[in-house]
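I have placed the structure first, in the form of structure tokens, so that the comments after it can refer back to it.
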Amino acid sequence: MPTTSELSSRAHATVSEARRLFDSGATRPLAARVRRLRALRAMLTDNEHDFEAALWSDLHKGSGEAQLTEIGVTLAEIDHTLRHLRRWARPRRGPVPASLRPARARLVPEPLGVVLVLAPWNYPVQLLLDPLAGVLAAGNTAVLKPSELTPATSALIARLVPRYFPDGSVSVVEGGVPETTELLAQRFDHIVFTGSGAVGRIVMRAAAEHLTPVTLELGGKSPVWFDDDAQLHRAARRIAWAKYTNAGQTCIAPDYVMTTPDRIPALVEALKVAIADLWGSDPATGPDYGRIVNERQFDRLVGLLDGTDVVVGGDHDRAERYIAPTVVVAPSGDEPPAVGPEAAHPVLREEIFGPVLPIVPVASAEQAIGVINGWDKPLALYVFTSSARTRRLFEQNTSSGAVVHDAGLVHAAATGLPFGGVGASGMGAYHGAYSWRTFSHLKPVLRKPLAPDTLRLAQPPFTDRGLRLVKRLMRYG
């Protein structure tokens with residue numbers, strides 16, 4: 001085991017080398033950015049089968065899910081960035097108020113410097129390499145920290161990065177909490193973290209020591225509202241797919257469903273049918289259903305089932321880290337219902353992050369909005385309704401990272417939209433142009449010609465006429 005001093009020296013050396021390369025200017029030219037984005041793309045396409053095998057080893061992700069949620073979505077992000085980068089990076093004209101004319105202003109994008117990307121274990125490829133595309137597009141260097149809980153994927157990325165980025169513009173630090181702690185003690189120009197709120201607070205405290213800006217993607221309990229009786233089976237299939245993809249280990253997975261009591265029996269039956277259609281009558285034997293990342297998470301999730309009314313699934317096998325797609329009807333006891341620390345049962349107190357879906361009976365959409373607003377702002381909100389009024393009700397009376405109607409998860413694949421949280425579910429956003437903007441500084445450049453010297457009006461000695469003119473220009477210019 002390396003000592004703390006050795007870990008600190010390694011972290012310092014890694015960041016110093018990344019900063020040396022950045023300071024040399026080698027990453028700034030547009031051609032260099034394009035070249036590195038293409039290298040990132042090649043790293044994924046040349047080694048697709050290796051990435052699929054690593055994801056299967058770590059999370060039991062089948063090739064279809066690996067392509068859809070990890071490799072494919074990252075390639076789409078890279079391709080979108082390559083198509084639009086030249087336009088994003090072009091300096092643009094800035095406004096100049098009448099009080100400063102004649103003058104010309106530009107907004108000149110420049111890279112921030114060295115960016116740290118701290119990735120979680122649940123999507124160890126996408127959530128490490130997707131933000132990296134924006135980091136490279138903006139002209140920065142990057143230090144990547146994969147999750148130690150997905151060792152096969154971490155080792156693969158650590159092996160491939162030096163081959164595709166031999167100049168050191170991207171480097172990888174493997175390890176656990178000690179390595180991450182020493183990395184966070186270094187000075188970066190931006191930090192991207194995806195994970196829990198508890199660790200997010202640690203990251204933010206460390207970043208504050210260097211006044212480093214952060215992008216935090218933290219998750220939370222993303223709710224679902226359902227009242228679309230006419231589209232019951234289609235809605236149930238989409239809810240099930242969004243919930244049980246990656247065995248529910250998704251920060252934007254539906255965390256609980258709210259609907260009126262009379263709708264619960266039909267919704268439960270529709271979810272049961274949808275689960276069987278998607279993963280078979282026994283998901284444990286199929287190639288497309290994932291596993292829980294480790295025994296600690298498995299034990300936590302099984303514990304959440306205690307005292308609940310399990311109406312679908314519930315089967316589990318600790319040796320296989322398997323928990324079946326499970327639906328529970330949340331225990332009554334809170335009136336009105338509560339979600340968060342004050343809830344009656346643990347399944348409603350914390351983010352589930354696994355294949356357990358509670359259904360919470362509420363009297364109306366208005367009461368559901370009260371439940372949502374009673375705790376932290378969620379990362380996503382999903383609304384399944386045929387009523388335009390109800391859609392507007394949720395849009396206008398709740399706050400969340402995103403609202404998606406009639407689907408789940410899909411906004412994370414919309415490269416033209418920002419992805420991020422609000423309040424306790426995160427801060428900052430990335431994807432597409434928003435990634436480039438997050439990892440760039442728009443530097444104002446202003447030129448005020450020496451002649452004619454209109455600044456004389458704003459300089460002493462002041463005359464009554466000059467003051468009147470200056471006030472008029474300042475107030476109405």
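Naming scheme: A, B, ... for chains in displayed order of the structure tokens; residues 1 onward per chain; ligands 1 onward as shown.
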
Find the residues around region 133-137 of chain A up to 7 Å (only C-alpha atoms counted), leave out those fewer than 6 positions away in its own chain, and share them as number ranges by chain. A: 33, 36-37, 78, 85, 435-436, 439

Could the residues of region 231-257 of chain A that have an atom at most 12 Å from region 107-121 of chain A be listed as CSV, each with its closest atom pair and the distance in Å to one decimal, counting only C-alpha atoms and ordered by chain and ascending residue number?
residue,atom,partner,partner_atom,distance
A:Asn246,CA,A:Trp121,CA,11.2
A:Gln249,CA,A:Trp121,CA,9.2
A:Thr250,CA,A:Trp121,CA,10.0
A:Cys251,CA,A:Pro120,CA,10.2

Which residues are close to region 220-236 of chain A, i.e. within 8 Å by only C-alpha atoms, leaving aside same-chain residues fewer than 5 positions away? Reply as a JSON list (two decimals) with C-alpha atoms, in the first residue's frame.
[["chain", "number", "residue", "atom", "x", "y", "z"],
["A", 251, "CYS", "CA", -29.45, 8.77, -10.97],
["A", 252, "ILE", "CA", -32.43, 9.78, -13.11],
["A", 253, "ALA", "CA", -34.36, 6.51, -12.76],
["A", 254, "PRO", "CA", -37.97, 6.87, -11.59],
["A", 255, "ASP", "CA", -37.69, 6.59, -7.81],
["A", 256, "TYR", "CA", -41.39, 6.38, -6.97],
["A", 257, "VAL", "CA", -44.72, 6.61, -8.78],
["A", 258, "MET", "CA", -47.66, 8.66, -7.54],
["A", 259, "THR", "CA", -51.17, 7.97, -8.69],
["A", 260, "THR", "CA", -54.67, 7.86, -7.27],
["A", 263, "ARG", "CA", -55.50, 3.33, -10.45],
["A", 267, "LEU", "CA", -50.91, -0.01, -12.93],
["A", 270, "ALA", "CA", -49.44, -3.38, -16.34],
["A", 271, "LEU", "CA", -45.99, -3.05, -14.79],
["A", 274, "ALA", "CA", -44.15, -4.85, -19.01],
["A", 350, "GLU", "CA", -33.66, 8.05, 0.61],
["A", 351, "GLU", "CA", -32.80, 7.65, -3.05],
["A", 352, "ILE", "CA", -33.40, 3.97, -3.81],
["A", 365, "ALA", "CA", -52.11, 15.77, -9.01],
["A", 368, "ALA", "CA", -48.58, 14.92, -5.71],
["A", 372, "ILE", "CA", -42.61, 16.76, -4.54],
["A", 376, "ASP", "CA", -35.31, 18.41, -2.12],
["A", 377, "LYS", "CA", -35.68, 19.35, -5.77],
["A", 378, "PRO", "CA", -35.30, 16.17, -7.85],
["A", 379, "LEU", "CA", -32.94, 15.63, -10.76],
["A", 380, "ALA", "CA", -35.85, 14.62, -13.02],
["A", 381, "LEU", "CA", -39.64, 14.58, -12.97],
["A", 382, "TYR", "CA", -41.68, 12.30, -15.21],
["A", 383, "VAL", "CA", -45.33, 13.00, -16.03],
["A", 384, "PHE", "CA", -47.61, 10.48, -17.75],
["A", 385, "THR", "CA", -50.92, 12.17, -18.48],
["A", 386, "SER", "CA", -53.15, 12.97, -21.45],
["A", 406, "ASP", "CA", -44.53, 10.36, -21.38],
["A", 407, "ALA", "CA", -41.02, 8.89, -21.07],
["A", 424, "ALA", "CA", -29.75, 19.38, -3.74],
["A", 425, "SER", "CA", -29.84, 17.43, -7.02]]

Mind the document's chain letters and residue numbers, and return as a ChimeraX atom specification the residues of region 374-408 of chain A that DSSP labels helix (DSSP H, G or I). /A:388-397

Convert the current residue selection to file output with C-alpha atoms, as a compact mmCIF listing (two decimals), in the first residue's frame.
# COMPACT_ATOMS: atom_id res chain seq x y z
CA ALA A 388 -52.41 19.43 -21.08
CA ARG A 389 -53.62 21.15 -17.92
CA THR A 390 -51.93 18.55 -15.73
CA ARG A 391 -48.70 18.84 -17.70
CA ARG A 392 -48.71 22.61 -17.17
CA LEU A 393 -49.53 22.10 -13.50
CA PHE A 394 -46.33 20.10 -12.92
CA GLU A 395 -44.19 22.34 -15.12
CA GLN A 396 -45.31 25.55 -13.42
CA ASN A 397 -45.55 24.41 -9.81

Suppose you want the space between CA of Leu446 (chain A) and CA of Pro95 (chain A); what is it in Å? 9.8 Å

Set the distance at 6 Å and use only C-alpha atoms: which residues neighbour region 200-213 of chain A once local chain neighbours fewer than 6 positions away are removed? I'd like the list as a PDB file with all heavy atoms, in the first residue's frame.
ATOM      1  N   LEU A 184      -8.115  15.634  -4.828  1.00  0.00           N
ATOM      2  CA  LEU A 184      -8.911  16.807  -4.459  1.00  0.00           C
ATOM      3  C   LEU A 184      -8.093  17.846  -3.712  1.00  0.00           C
ATOM      4  O   LEU A 184      -8.510  19.013  -3.620  1.00  0.00           O
ATOM      5  CB  LEU A 184     -10.114  16.385  -3.614  1.00  0.00           C
ATOM      6  CG  LEU A 184     -11.226  15.666  -4.371  1.00  0.00           C
ATOM      7  CD1 LEU A 184     -12.267  15.113  -3.403  1.00  0.00           C
ATOM      8  CD2 LEU A 184     -11.890  16.598  -5.380  1.00  0.00           C
ATOM      9  N   ASP A 189      -8.821  23.675 -12.347  1.00  0.00           N
ATOM     10  CA  ASP A 189      -9.551  24.845 -12.841  1.00  0.00           C
ATOM     11  C   ASP A 189     -11.042  24.572 -12.971  1.00  0.00           C
ATOM     12  O   ASP A 189     -11.826  25.504 -13.171  1.00  0.00           O
ATOM     13  CB  ASP A 189      -8.954  25.281 -14.187  1.00  0.00           C
ATOM     14  CG  ASP A 189      -7.490  25.668 -14.034  1.00  0.00           C
ATOM     15  OD1 ASP A 189      -7.225  26.738 -13.459  1.00  0.00           O
ATOM     16  OD2 ASP A 189      -6.622  24.878 -14.455  1.00  0.00           O
ATOM     17  N   HIS A 190     -11.430  23.320 -12.865  1.00  0.00           N
ATOM     18  CA  HIS A 190     -12.843  22.931 -12.810  1.00  0.00           C
ATOM     19  C   HIS A 190     -12.883  21.479 -12.362  1.00  0.00           C
ATOM     20  O   HIS A 190     -11.973  20.704 -12.676  1.00  0.00           O
ATOM     21  CB  HIS A 190     -13.534  23.089 -14.170  1.00  0.00           C
ATOM     22  CG  HIS A 190     -15.035  23.127 -14.067  1.00  0.00           C
ATOM     23  ND1 HIS A 190     -15.752  24.302 -14.096  1.00  0.00           N
ATOM     24  CD2 HIS A 190     -15.960  22.135 -13.938  1.00  0.00           C
ATOM     25  CE1 HIS A 190     -17.051  24.037 -13.978  1.00  0.00           C
ATOM     26  NE2 HIS A 190     -17.195  22.721 -13.878  1.00  0.00           N
TER      27      HIS A 190
END

Contact residues around Ala458 (chain A) with only C-alpha atoms at 12 Å, ignoring same-chain residues under 3 positions, as a list in words: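 Within the cut-off, the hits are Ser99, Leu100, Asp453, Thr454, Leu455, Pro461, Phe462, Thr463, Asp464, Arg465, Gly466, Leu467, Arg468, Leu469, Val470, Lys471, Leu473 and Met474 of chain A.
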
Serialized selection, all heavy atoms, as a CSV table (one decimal), in the first residue's frame:
chain,number,residue,atom,x,y,z
A,99,SER,N,-23.0,54.8,-24.0
A,99,SER,CA,-22.1,55.7,-23.2
A,99,SER,C,-20.7,55.4,-23.4
A,99,SER,O,-19.8,56.2,-23.1
A,99,SER,CB,-22.5,55.4,-21.7
A,99,SER,OG,-22.3,54.1,-21.4
A,100,LEU,N,-20.3,54.3,-24.0
A,100,LEU,CA,-18.9,53.9,-24.3
A,100,LEU,C,-18.5,54.1,-25.7
A,100,LEU,O,-17.4,53.8,-26.1
A,100,LEU,CB,-18.6,52.5,-23.8
A,100,LEU,CG,-18.7,52.2,-22.3
A,100,LEU,CD1,-18.3,50.8,-22.0
A,100,LEU,CD2,-17.8,53.2,-21.5
A,453,ASP,N,-11.8,61.3,-28.2
A,453,ASP,CA,-11.7,61.0,-26.8
A,453,ASP,C,-13.0,61.3,-26.1
A,453,ASP,O,-13.0,62.3,-25.3
A,453,ASP,CB,-10.5,61.7,-26.3
A,453,ASP,CG,-10.1,61.3,-24.8
A,453,ASP,OD1,-10.8,60.3,-24.4
A,453,ASP,OD2,-9.3,61.9,-24.2
A,454,THR,N,-14.0,60.5,-26.2
A,454,THR,CA,-15.3,60.8,-25.5
A,454,THR,C,-15.2,60.5,-24.0
A,454,THR,O,-16.1,60.9,-23.3
A,454,THR,CB,-16.4,59.9,-26.2
A,454,THR,OG1,-16.0,58.5,-26.0
A,454,THR,CG2,-16.6,60.2,-27.6
A,455,LEU,N,-14.2,59.8,-23.6
A,455,LEU,CA,-14.0,59.6,-22.1
A,455,LEU,C,-13.8,60.9,-21.4
A,455,LEU,O,-13.9,61.0,-20.2
A,455,LEU,CB,-12.9,58.6,-21.8
A,455,LEU,CG,-13.2,57.1,-22.1
A,455,LEU,CD1,-12.1,56.2,-21.8
A,455,LEU,CD2,-14.4,56.7,-21.3
A,461,PRO,N,-12.1,68.0,-14.9
A,461,PRO,CA,-13.2,68.7,-14.2
A,461,PRO,C,-14.5,68.5,-14.9
A,461,PRO,O,-14.6,68.6,-16.1
A,461,PRO,CB,-12.7,70.1,-14.2
A,461,PRO,CG,-11.9,70.2,-15.4
A,461,PRO,CD,-11.2,68.9,-15.6
A,462,PHE,N,-15.6,68.4,-14.0
A,462,PHE,CA,-16.9,68.2,-14.6
A,462,PHE,C,-17.6,69.5,-14.8
A,462,PHE,O,-17.5,70.4,-14.0
A,462,PHE,CB,-17.8,67.3,-13.7
A,462,PHE,CG,-17.3,65.9,-13.5
A,462,PHE,CD1,-16.6,65.5,-12.3
A,462,PHE,CD2,-17.4,65.0,-14.5
A,462,PHE,CE1,-16.1,64.2,-12.2
A,462,PHE,CE2,-16.9,63.7,-14.4
A,462,PHE,CZ,-16.3,63.3,-13.2
A,463,THR,N,-18.4,69.6,-15.9
A,463,THR,CA,-19.2,70.8,-16.2
A,463,THR,C,-20.6,70.3,-16.1
A,463,THR,O,-21.0,69.2,-16.2
A,463,THR,CB,-18.9,71.3,-17.6
A,463,THR,OG1,-19.3,70.3,-18.6
A,463,THR,CG2,-17.4,71.6,-17.8
A,464,ASP,N,-21.5,71.3,-15.9
A,464,ASP,CA,-22.9,71.0,-15.8
A,464,ASP,C,-23.4,70.3,-17.1
A,464,ASP,O,-24.2,69.3,-17.1
A,464,ASP,CB,-23.8,72.3,-15.6
A,464,ASP,CG,-23.5,72.8,-14.2
A,464,ASP,OD1,-23.0,72.0,-13.3
A,464,ASP,OD2,-23.8,74.0,-13.9
A,465,ARG,N,-23.0,70.8,-18.2
A,465,ARG,CA,-23.4,70.3,-19.5
A,465,ARG,C,-22.9,68.9,-19.7
A,465,ARG,O,-23.6,68.0,-20.1
A,465,ARG,CB,-22.9,71.2,-20.6
A,465,ARG,CG,-23.3,70.7,-22.0
A,465,ARG,CD,-22.7,71.5,-23.1
A,465,ARG,NE,-23.0,71.0,-24.4
A,465,ARG,CZ,-22.4,71.4,-25.6
A,465,ARG,NH1,-21.5,72.3,-25.5
A,465,ARG,NH2,-22.8,70.9,-26.7
A,466,GLY,N,-21.6,68.6,-19.3
A,466,GLY,CA,-21.0,67.3,-19.4
A,466,GLY,C,-21.7,66.3,-18.5
A,466,GLY,O,-22.0,65.2,-18.9
A,467,LEU,N,-22.1,66.7,-17.3
A,467,LEU,CA,-22.8,65.8,-16.4
A,467,LEU,C,-24.2,65.4,-16.9
A,467,LEU,O,-24.6,64.3,-16.8
A,467,LEU,CB,-22.9,66.4,-15.0
A,467,LEU,CG,-21.6,66.4,-14.1
A,467,LEU,CD1,-21.8,67.2,-12.9
A,467,LEU,CD2,-21.3,65.0,-13.8
A,468,ARG,N,-24.9,66.4,-17.5
A,468,ARG,CA,-26.2,66.1,-18.0
A,468,ARG,C,-26.1,65.1,-19.2
A,468,ARG,O,-26.9,64.2,-19.2
A,468,ARG,CB,-26.9,67.4,-18.5
A,468,ARG,CG,-27.4,68.3,-17.4
A,468,ARG,CD,-28.3,69.3,-17.9
A,468,ARG,NE,-27.7,70.2,-18.9
A,468,ARG,CZ,-27.1,71.3,-18.7
A,468,ARG,NH1,-27.0,71.7,-17.4
A,468,ARG,NH2,-26.6,72.1,-19.6
A,469,LEU,N,-25.1,65.3,-20.0
A,469,LEU,CA,-24.9,64.4,-21.1
A,469,LEU,C,-24.5,63.0,-20.6
A,469,LEU,O,-25.1,61.9,-21.1
A,469,LEU,CB,-23.8,64.9,-22.1
A,469,LEU,CG,-23.5,64.0,-23.3
A,469,LEU,CD1,-24.8,63.9,-24.1
A,469,LEU,CD2,-22.5,64.7,-24.2
A,470,VAL,N,-23.6,62.9,-19.7
A,470,VAL,CA,-23.2,61.6,-19.1
A,470,VAL,C,-24.4,60.9,-18.5
A,470,VAL,O,-24.6,59.7,-18.7
A,470,VAL,CB,-22.1,61.8,-18.1
A,470,VAL,CG1,-21.9,60.5,-17.3
A,470,VAL,CG2,-20.8,62.2,-18.8
A,471,LYS,N,-25.2,61.6,-17.7
A,471,LYS,CA,-26.4,61.0,-17.1
A,471,LYS,C,-27.3,60.4,-18.1
A,471,LYS,O,-27.9,59.3,-17.9
A,471,LYS,CB,-27.0,61.9,-16.1
A,471,LYS,CG,-26.3,62.2,-14.8
A,471,LYS,CD,-27.1,62.8,-13.8
A,471,LYS,CE,-27.4,64.3,-14.1
A,471,LYS,NZ,-28.1,64.9,-13.0
A,473,LEU,N,-26.7,59.5,-21.2
A,473,LEU,CA,-26.1,58.3,-21.9
A,473,LEU,C,-26.1,57.1,-21.0
A,473,LEU,O,-26.4,56.0,-21.4
A,473,LEU,CB,-24.7,58.6,-22.3
A,473,LEU,CG,-24.5,59.6,-23.5
A,473,LEU,CD1,-23.1,60.0,-23.7
A,473,LEU,CD2,-25.1,59.0,-24.8
A,474,MET,N,-25.8,57.3,-19.7
A,474,MET,CA,-25.7,56.2,-18.8
A,474,MET,C,-27.1,55.5,-18.5
A,474,MET,O,-27.2,54.3,-18.3
A,474,MET,CB,-25.1,56.6,-17.4
A,474,MET,CG,-23.6,57.0,-17.5
A,474,MET,SD,-22.5,55.6,-18.0
A,474,MET,CE,-22.6,54.7,-16.5

Residue among A:Ile71, A:Val293, A:Ala155, A:Val177 lying closest to Ala413 (chain A), counting only C-alpha atoms: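 Looking at the shortest contact to Ala413 (chain A), the residue is A:Ile71.
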
Find, counting only C-alpha atoms, the residue in A:Ser16, A:Thr326, A:Thr215, A:Ser281 that gets nearest to Ala240 (chain A).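 Distance minimum relative to Ala240 (chain A) lands on A:Thr326.
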
One decimal, in Å: what's the spacing between CA of Asp262 (chain A) and CA of Gly313 (chain A)?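 About the pair CA of Asp262 (chain A) and CA of Gly313 (chain A): they are 21.6 Å apart.
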